[in-house]
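Novice: Just one file: input.pdb, with PDB, C-alpha atoms, pLDDT in the B column.
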```pdb
MODEL        1
ATOM      1  CA  MET A   1      28.980 -29.538  12.102  1.00 53.00           C
ATOM      2  CA  THR A   2      26.638 -26.568  12.053  1.00 60.00           C
ATOM      3  CA  THR A   3      25.301 -24.859   8.985  1.00 56.00           C
ATOM      4  CA  PRO A   4      25.518 -21.098   8.655  1.00 56.00           C
ATOM      5  CA  ALA A   5      22.335 -19.140   9.297  1.00 64.00           C
ATOM      6  CA  GLN A   6      20.380 -18.535   6.117  1.00 77.00           C
ATOM      7  CA  HIS A   7      19.191 -15.015   5.508  1.00 82.00           C
ATOM      8  CA  PRO A   8      15.582 -14.692   4.379  1.00 92.00           C
ATOM      9  CA  TYR A   9      14.955 -13.770   0.762  1.00 95.00           C
ATOM     10  CA  ALA A  10      11.876 -12.092  -0.723  1.00 96.00           C
ATOM     11  CA  VAL A  11      10.960  -9.645  -3.453  1.00 97.00           C
ATOM     12  CA  PHE A  12       8.087  -7.177  -3.704  1.00 97.00           C
ATOM     13  CA  SER A  13       7.302  -6.073  -7.256  1.00 95.00           C
ATOM     14  CA  GLY A  14       5.401  -2.874  -7.800  1.00 95.00           C
ATOM     15  CA  ALA A  15       5.966   0.710  -8.812  1.00 95.00           C
ATOM     16  CA  LEU A  16       7.939   3.466  -7.083  1.00 95.00           C
ATOM     17  CA  GLY A  17       6.022   6.691  -6.619  1.00 87.00           C
ATOM     18  CA  ASP A  18       7.774   9.956  -7.375  1.00 80.00           C
ATOM     19  CA  ASN A  19       6.360  12.496  -4.920  1.00 72.00           C
ATOM     20  CA  ALA A  20       7.422  15.445  -7.092  1.00 77.00           C
ATOM     21  CA  SER A  21       5.860  14.338 -10.382  1.00 81.00           C
ATOM     22  CA  GLY A  22       3.136  11.992  -9.128  1.00 80.00           C
ATOM     23  CA  GLN A  23       4.327   9.364 -11.626  1.00 86.00           C
ATOM     24  CA  TYR A  24       5.183   5.726 -10.970  1.00 92.00           C
ATOM     25  CA  VAL A  25       8.022   3.656 -12.410  1.00 93.00           C
ATOM     26  CA  PRO A  26       8.376  -0.138 -12.172  1.00 95.00           C
ATOM     27  CA  ALA A  27      10.391  -1.106  -9.095  1.00 96.00           C
ATOM     28  CA  ARG A  28      11.393  -4.125  -7.023  1.00 97.00           C
ATOM     29  CA  ALA A  29      12.273  -4.178  -3.351  1.00 97.00           C
ATOM     30  CA  GLU A  30      14.456  -7.127  -2.383  1.00 97.00           C
ATOM     31  CA  VAL A  31      15.472  -8.568   0.982  1.00 97.00           C
ATOM     32  CA  SER A  32      18.582 -10.681   0.597  1.00 96.00           C
ATOM     33  CA  GLY A  33      21.676 -11.414   2.645  1.00 94.00           C
ATOM     34  CA  GLY A  34      20.501  -9.182   5.499  1.00 94.00           C
ATOM     35  CA  ALA A  35      20.100  -6.147   3.232  1.00 97.00           C
ATOM     36  CA  VAL A  36      17.194  -4.319   1.631  1.00 97.00           C
ATOM     37  CA  THR A  37      17.765  -3.270  -1.970  1.00 97.00           C
ATOM     38  CA  LEU A  38      15.531  -1.113  -4.149  1.00 98.00           C
ATOM     39  CA  TRP A  39      15.753  -1.704  -7.901  1.00 97.00           C
ATOM     40  CA  VAL A  40      14.137   0.766 -10.304  1.00 95.00           C
ATOM     41  CA  ALA A  41      13.476   0.232 -14.002  1.00 94.00           C
ATOM     42  CA  SER A  42      15.257   2.612 -16.342  1.00 89.00           C
ATOM     43  CA  PRO A  43      15.583   2.729 -20.130  1.00 90.00           C
ATOM     44  CA  SER A  44      18.890   0.840 -19.839  1.00 93.00           C
ATOM     45  CA  GLY A  45      17.508  -1.867 -17.508  1.00 94.00           C
ATOM     46  CA  TRP A  46      17.204  -2.338 -13.762  1.00 95.00           C
ATOM     47  CA  THR A  47      19.225   0.141 -11.696  1.00 95.00           C
ATOM     48  CA  ARG A  48      20.071  -0.305  -8.036  1.00 96.00           C
ATOM     49  CA  TYR A  49      18.596   2.742  -6.288  1.00 95.00           C
ATOM     50  CA  PHE A  50      20.025   1.810  -2.872  1.00 96.00           C
ATOM     51  CA  SER A  51      21.089  -1.158  -0.805  1.00 97.00           C
ATOM     52  CA  VAL A  52      21.317  -0.863   2.981  1.00 97.00           C
ATOM     53  CA  PRO A  53      21.487  -3.262   5.906  1.00 97.00           C
ATOM     54  CA  ALA A  54      17.969  -4.355   6.845  1.00 96.00           C
ATOM     55  CA  HIS A  55      18.316  -3.008  10.404  1.00 96.00           C
ATOM     56  CA  GLU A  56      18.688   0.513   8.916  1.00 96.00           C
ATOM     57  CA  THR A  57      15.346   0.201   7.118  1.00 96.00           C
ATOM     58  CA  VAL A  58      11.781   0.773   8.272  1.00 95.00           C
ATOM     59  CA  VAL A  59       9.168  -1.104   6.257  1.00 95.00           C
ATOM     60  CA  LYS A  60       5.675   0.367   6.514  1.00 94.00           C
ATOM     61  CA  SER A  61       2.730  -1.174   4.763  1.00 92.00           C
ATOM     62  CA  ALA A  62      -0.872  -0.108   4.376  1.00 86.00           C
ATOM     63  CA  ALA A  63      -3.352  -1.753   2.037  1.00 79.00           C
ATOM     64  CA  GLN A  64      -1.519  -2.317  -1.281  1.00 87.00           C
ATOM     65  CA  ARG A  65       1.513  -0.128  -0.531  1.00 91.00           C
ATOM     66  CA  ILE A  66       4.908  -0.773   0.997  1.00 94.00           C
ATOM     67  CA  THR A  67       6.947   2.253   2.009  1.00 94.00           C
ATOM     68  CA  LEU A  68      10.648   1.837   2.651  1.00 96.00           C
ATOM     69  CA  VAL A  69      12.102   4.479   4.949  1.00 96.00           C
ATOM     70  CA  VAL A  70      15.875   4.805   4.747  1.00 96.00           C
ATOM     71  CA  GLY A  71      17.812   7.657   6.307  1.00 94.00           C
ATOM     72  CA  GLY A  72      14.614   9.645   6.827  1.00 93.00           C
ATOM     73  CA  GLN A  73      13.660   9.400   3.131  1.00 93.00           C
ATOM     74  CA  SER A  74      10.435   7.552   2.166  1.00 93.00           C
ATOM     75  CA  TYR A  75      10.165   5.365  -0.922  1.00 94.00           C
ATOM     76  CA  PRO A  76       6.502   4.389  -1.534  1.00 93.00           C
ATOM     77  CA  LEU A  77       5.903   1.311  -3.676  1.00 95.00           C
ATOM     78  CA  LEU A  78       2.401   0.480  -4.915  1.00 94.00           C
ATOM     79  CA  ALA A  79       1.422  -2.991  -6.061  1.00 94.00           C
ATOM     80  CA  ASP A  80      -1.078  -1.558  -8.585  1.00 93.00           C
ATOM     81  CA  PRO A  81      -0.705   2.197  -9.171  1.00 91.00           C
ATOM     82  CA  SER A  82      -3.590   2.282 -11.660  1.00 91.00           C
ATOM     83  CA  SER A  83      -5.949   1.338  -8.806  1.00 92.00           C
ATOM     84  CA  VAL A  84      -5.466   4.858  -7.401  1.00 88.00           C
ATOM     85  CA  ASP A  85      -6.904   6.441 -10.561  1.00 90.00           C
ATOM     86  CA  ARG A  86      -9.757   3.924 -10.616  1.00 93.00           C
ATOM     87  CA  ALA A  87     -10.573   4.675  -6.965  1.00 92.00           C
ATOM     88  CA  ILE A  88     -10.791   8.397  -7.752  1.00 91.00           C
ATOM     89  CA  GLU A  89     -13.024   7.725 -10.770  1.00 93.00           C
ATOM     90  CA  PHE A  90     -15.372   5.436  -8.808  1.00 91.00           C
ATOM     91  CA  GLY A  91     -15.506   7.983  -5.976  1.00 91.00           C
ATOM     92  CA  ALA A  92     -16.426  10.760  -8.414  1.00 93.00           C
ATOM     93  CA  ALA A  93     -19.072   8.577 -10.048  1.00 92.00           C
ATOM     94  CA  GLY A  94     -20.574   7.777  -6.637  1.00 91.00           C
ATOM     95  CA  ALA A  95     -20.610  11.450  -5.642  1.00 91.00           C
ATOM     96  CA  VAL A  96     -22.327  12.484  -8.876  1.00 92.00           C
ATOM     97  CA  ALA A  97     -24.833   9.634  -8.506  1.00 91.00           C
ATOM     98  CA  GLY A  98     -25.677  10.913  -5.033  1.00 90.00           C
ATOM     99  CA  ILE A  99     -26.159  14.452  -6.289  1.00 92.00           C
ATOM    100  CA  ILE A 100     -28.435  13.446  -9.188  1.00 92.00           C
ATOM    101  CA  ASP A 101     -30.224  10.803  -7.085  1.00 92.00           C
ATOM    102  CA  ALA A 102     -29.261   7.830  -9.280  1.00 91.00           C
ATOM    103  CA  PRO A 103     -29.171   4.840  -6.893  1.00 91.00           C
ATOM    104  CA  LYS A 104     -28.285   2.295  -9.604  1.00 93.00           C
ATOM    105  CA  VAL A 105     -25.270   4.356 -10.646  1.00 92.00           C
ATOM    106  CA  ALA A 106     -24.272   4.774  -6.988  1.00 91.00           C
ATOM    107  CA  LEU A 107     -24.536   1.011  -6.481  1.00 92.00           C
ATOM    108  CA  SER A 108     -22.413   0.424  -9.589  1.00 92.00           C
ATOM    109  CA  ALA A 109     -19.781   2.837  -8.260  1.00 92.00           C
ATOM    110  CA  ASP A 110     -19.774   1.026  -4.896  1.00 92.00           C
ATOM    111  CA  VAL A 111     -19.362  -2.340  -6.600  1.00 93.00           C
ATOM    112  CA  GLY A 112     -16.583  -0.898  -8.764  1.00 93.00           C
ATOM    113  CA  ARG A 113     -14.777   0.471  -5.693  1.00 92.00           C
ATOM    114  CA  SER A 114     -15.043  -2.908  -3.983  1.00 91.00           C
ATOM    115  CA  MET A 115     -13.726  -4.754  -7.027  1.00 93.00           C
ATOM    116  CA  ASN A 116     -10.895  -2.234  -7.364  1.00 92.00           C
ATOM    117  CA  MET A 117      -9.940  -2.724  -3.707  1.00 91.00           C
ATOM    118  CA  ALA A 118      -9.994  -6.500  -4.112  1.00 91.00           C
ATOM    119  CA  GLY A 119      -7.835  -6.240  -7.238  1.00 93.00           C
ATOM    120  CA  ALA A 120      -5.294  -4.036  -5.458  1.00 92.00           C
ATOM    121  CA  ALA A 121      -5.146  -6.459  -2.514  1.00 91.00           C
ATOM    122  CA  ARG A 122      -4.633  -9.341  -4.949  1.00 93.00           C
ATOM    123  CA  ALA A 123      -1.833  -7.429  -6.702  1.00 94.00           C
ATOM    124  CA  PHE A 124      -0.172  -6.889  -3.308  1.00 94.00           C
ATOM    125  CA  HIS A 125      -0.195 -10.627  -2.593  1.00 93.00           C
ATOM    126  CA  ILE A 126       0.885 -11.627  -6.108  1.00 94.00           C
ATOM    127  CA  GLY A 127       3.644  -8.998  -5.991  1.00 94.00           C
ATOM    128  CA  GLY A 128       5.069 -10.643  -2.871  1.00 95.00           C
ATOM    129  CA  GLY A 129       3.998  -8.092  -0.243  1.00 94.00           C
ATOM    130  CA  PRO A 130       3.377 -10.391   2.740  1.00 94.00           C
ATOM    131  CA  ALA A 131       6.541 -12.440   2.108  1.00 95.00           C
ATOM    132  CA  PHE A 132       8.607  -9.261   1.711  1.00 96.00           C
ATOM    133  CA  ILE A 133       7.362  -7.827   5.020  1.00 95.00           C
ATOM    134  CA  ALA A 134       8.059 -11.115   6.828  1.00 94.00           C
ATOM    135  CA  ALA A 135      11.568 -11.447   5.343  1.00 96.00           C
ATOM    136  CA  ALA A 136      12.401  -7.812   6.123  1.00 96.00           C
ATOM    137  CA  ARG A 137      11.261  -8.300   9.723  1.00 95.00           C
ATOM    138  CA  GLN A 138      13.309 -11.506  10.047  1.00 95.00           C
ATOM    139  CA  SER A 139      16.339  -9.685   8.650  1.00 95.00           C
ATOM    140  CA  GLY A 140      16.126  -6.978  11.311  1.00 94.00           C
ATOM    141  CA  ALA A 141      14.071  -4.228   9.653  1.00 94.00           C
ATOM    142  CA  LYS A 142      11.457  -2.473  11.736  1.00 93.00           C
ATOM    143  CA  SER A 143       8.081  -3.110  10.153  1.00 88.00           C
ATOM    144  CA  SER A 144       4.393  -2.379  10.478  1.00 82.00           C
ATOM    145  CA  ARG A 145       1.393  -3.569   8.462  1.00 70.00           C
ATOM    146  CA  LEU A 146      -2.072  -2.074   8.203  1.00 64.00           C
ATOM    147  CA  GLY A 147      -4.173  -4.055   5.717  1.00 55.00           C
ATOM    148  CA  TYR A 148      -7.604  -3.433   4.271  1.00 53.00           C
ATOM    149  CA  GLY A 149      -9.382  -5.100   7.214  1.00 60.00           C
ATOM    150  CA  PRO A 150      -8.175  -2.625   9.847  1.00 59.00           C
ATOM    151  CA  ILE A 151      -8.560   0.277   7.421  1.00 54.00           C
ATOM    152  CA  LEU A 152     -12.195  -0.696   6.805  1.00 57.00           C
ATOM    153  CA  ALA A 153     -12.761  -1.193  10.548  1.00 62.00           C
ATOM    154  CA  ILE A 154     -11.367   2.273  11.285  1.00 60.00           C
ATOM    155  CA  GLY A 155     -13.554   3.793   8.548  1.00 62.00           C
ATOM    156  CA  CYS A 156     -16.674   1.977   9.752  1.00 64.00           C
ATOM    157  CA  GLY A 157     -15.919   2.881  13.371  1.00 67.00           C
ATOM    158  CA  ALA A 158     -15.480   6.537  12.453  1.00 64.00           C
ATOM    159  CA  GLY A 159     -18.722   6.445  10.447  1.00 66.00           C
ATOM    160  CA  LEU A 160     -20.570   4.850  13.360  1.00 65.00           C
ATOM    161  CA  ALA A 161     -19.189   7.484  15.737  1.00 69.00           C
ATOM    162  CA  VAL A 162     -20.477  10.246  13.432  1.00 68.00           C
ATOM    163  CA  VAL A 163     -23.935   8.631  13.262  1.00 67.00           C
ATOM    164  CA  ILE A 164     -24.078   8.344  17.050  1.00 77.00           C
ATOM    165  CA  ALA A 165     -22.908  11.946  17.518  1.00 72.00           C
ATOM    166  CA  VAL A 166     -25.444  13.307  15.010  1.00 72.00           C
ATOM    167  CA  THR A 167     -28.223  11.241  16.590  1.00 77.00           C
ATOM    168  CA  ALA A 168     -27.315  12.427  20.097  1.00 74.00           C
ATOM    169  CA  ILE A 169     -27.138  16.075  19.021  1.00 80.00           C
ATOM    170  CA  THR A 170     -30.452  15.774  17.163  1.00 77.00           C
ATOM    171  CA  VAL A 171     -32.148  14.230  20.230  1.00 77.00           C
ATOM    172  CA  LEU A 172     -30.739  16.974  22.481  1.00 80.00           C
ATOM    173  CA  VAL A 173     -31.783  19.792  20.137  1.00 80.00           C
ATOM    174  CA  LEU A 174     -35.237  18.452  19.260  1.00 80.00           C
ATOM    175  CA  GLY A 175     -35.944  16.881  22.634  1.00 76.00           C
ATOM    176  CA  GLY A 176     -35.053  19.903  24.728  1.00 58.00           C
TER
ENDMDL
END
```
Can you turn what I pasted into structure tokens?
Specialist:
Amino acid sequence: MTTPAQHPYAVFSGALGDNASGQYVPARAEVSGGAVTLWVASPSGWTRYFSVPAHETVVKSAAQRITLVVGGQSYPLLADPSSVDRAIEFGAAGAVAGIIDAPKVALSADVGRSMNMAGAARAFHIGGGPAFIAAARQSGAKSSRLGYGPILAIGCGAGLAVVIAVTAITVLVLGG
């Protein structure tokens, strides 16, 4: 006697971003029974936004965000939407510190940005991000993941390329 194949199950809890208003509302993406379902909080309770077969869904993930793409429409879900505002505030503080030559303030802003990034990554894991991506993939959804490590590597690589380019141009201009 064989047992029927069990479909993977996972939930990602976060907040759905509204591109028009820039606001976020609590949301849950669920993989169950071979389908991906998006639930959105409303004043009357949880409302099913859509439910489609997993193979009709693309699951993209970068850092603390999962974006569901269904029928050409994107539904971005953030694990911690308040981290976006904090990132902007720390960035502004760091920029001002650079302008007024306040290295201690700049260091504080850098530490704050790092802590904010770590908190957002933690929220992604606690919210079920990795399990959701794995279950969606096992259920037939196309998926891709770009975490903080690759994002930082790309940023550092781009920064290094700029330093090398500026150094080479400076040597050519001053040396020639």
Novice: Quick one: of A:Gly91, A:Val58, A:Ala120, A:Ala35, who's nearest to A:Leu107, counting only C-alpha atoms?
Specialist: A:Gly91
Novice: Which residue is closest to A:Met117? Choose from A:Gly14, A:Pro130, A:Gly71, A:Pro81 and count all atoms listed in the file.
Specialist: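 The answer is A:Pro81, which sits nearest to A:Met117.
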Novice: Which residue, A:Gly119, A:Leu78, A:Thr47, A:Gly22, has the smallest gap to A:Ala62 when you use only C-alpha atoms?
Specialist: A:Leu78
Novice: Counting all atoms listed in the file, which of A:Gly33, A:Gly129, A:Gly140, A:Gly175 gets nearest to A:Arg65?
Specialist: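 The answer is A:Gly129, which sits nearest to A:Arg65.
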Novice: Nearest to A:Leu16: which of A:Ala135, A:Pro43, A:Thr67, A:Val52 is it, counting all atoms listed in the file?
Specialist: A:Thr67
Novice: Could you check the closest approach to A:Ala29 for each of A:Ala92, A:Ala136, A:Ala102, A:Val111 and tell me which residue wins, using all atoms listed in the file?
Specialist: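 The answer is A:Ala136, which sits nearest to A:Ala29.
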Novice: How far is it from atom CA of A:Lys60 to atom CA of A:Pro76, in Å with one decimal?
Specialist: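 Pair atom CA of A:Lys60 / atom CA of A:Pro76 returns 9.0 Å.
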Novice: In Å, how far is it from atom CA of A:Pro26 to atom CA of A:Ala41?
Specialist: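 So the answer is 5.4 Å.
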Novice: For the atom pair atom CA of A:Ser42 and atom CA of A:Ile133, what is the interatomic distance in Å to one decimal place?
Specialist: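 A separation of 25.1 Å between them.
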Novice: Applied to this file, what does the PyMOL selection byres ((chain A and resi 114-116) around 12) return in terms of residues, put as a PyMOL selection string?
Specialist: chain A and resi 64+80-91+107-113+117-123+148+152
Novice: I'd like the box whose edges run along x, y and z of the file and which contains every listed atom of stretch 90-97 of chain A, padded by 5 Å per side; could you state its centre and edge lengths in Å, one decimal, as lines of an AutoDock Vina configuration file?
Specialist:
```
center_x = -20.1
center_y = 9.0
center_z = -7.8
size_x = 19.5
size_y = 17.0
size_z = 14.4
```
Novice: Residue by residue, what does the PyMOL selection byres ((chain A and resi 54) around 6) grab here? Present the result as a PyMOL selection string.
Specialist: chain A and resi 34-36+53+55-57+139-141
Novice: Identify, on the basis of only C-alpha atoms, every residue whose closest approach to A:Leu38 does not exceed 6 Å; exclude the query and any residue fewer than 3 positions from it along the same chain; express the result as an MDAnalysis selection string.
Specialist: chainID A and resid 28:29 49:50
Novice: Residues picked by the PyMOL selection byres ((chain A and resi 11) around 8) here, as a compact mmCIF listing (two decimals) with C-alpha atoms, keeping the file's coordinate frame?
Specialist:
```txt
# COMPACT_ATOMS: atom_id res chain seq x y z
CA TYR A 9 14.96 -13.77 0.76
CA ALA A 10 11.88 -12.09 -0.72
CA PHE A 12 8.09 -7.18 -3.70
CA SER A 13 7.30 -6.07 -7.26
CA ARG A 28 11.39 -4.12 -7.02
CA ALA A 29 12.27 -4.18 -3.35
CA GLU A 30 14.46 -7.13 -2.38
CA VAL A 31 15.47 -8.57 0.98
CA GLY A 127 3.64 -9.00 -5.99
CA GLY A 128 5.07 -10.64 -2.87
CA GLY A 129 4.00 -8.09 -0.24
CA ALA A 131 6.54 -12.44 2.11
CA PHE A 132 8.61 -9.26 1.71
```
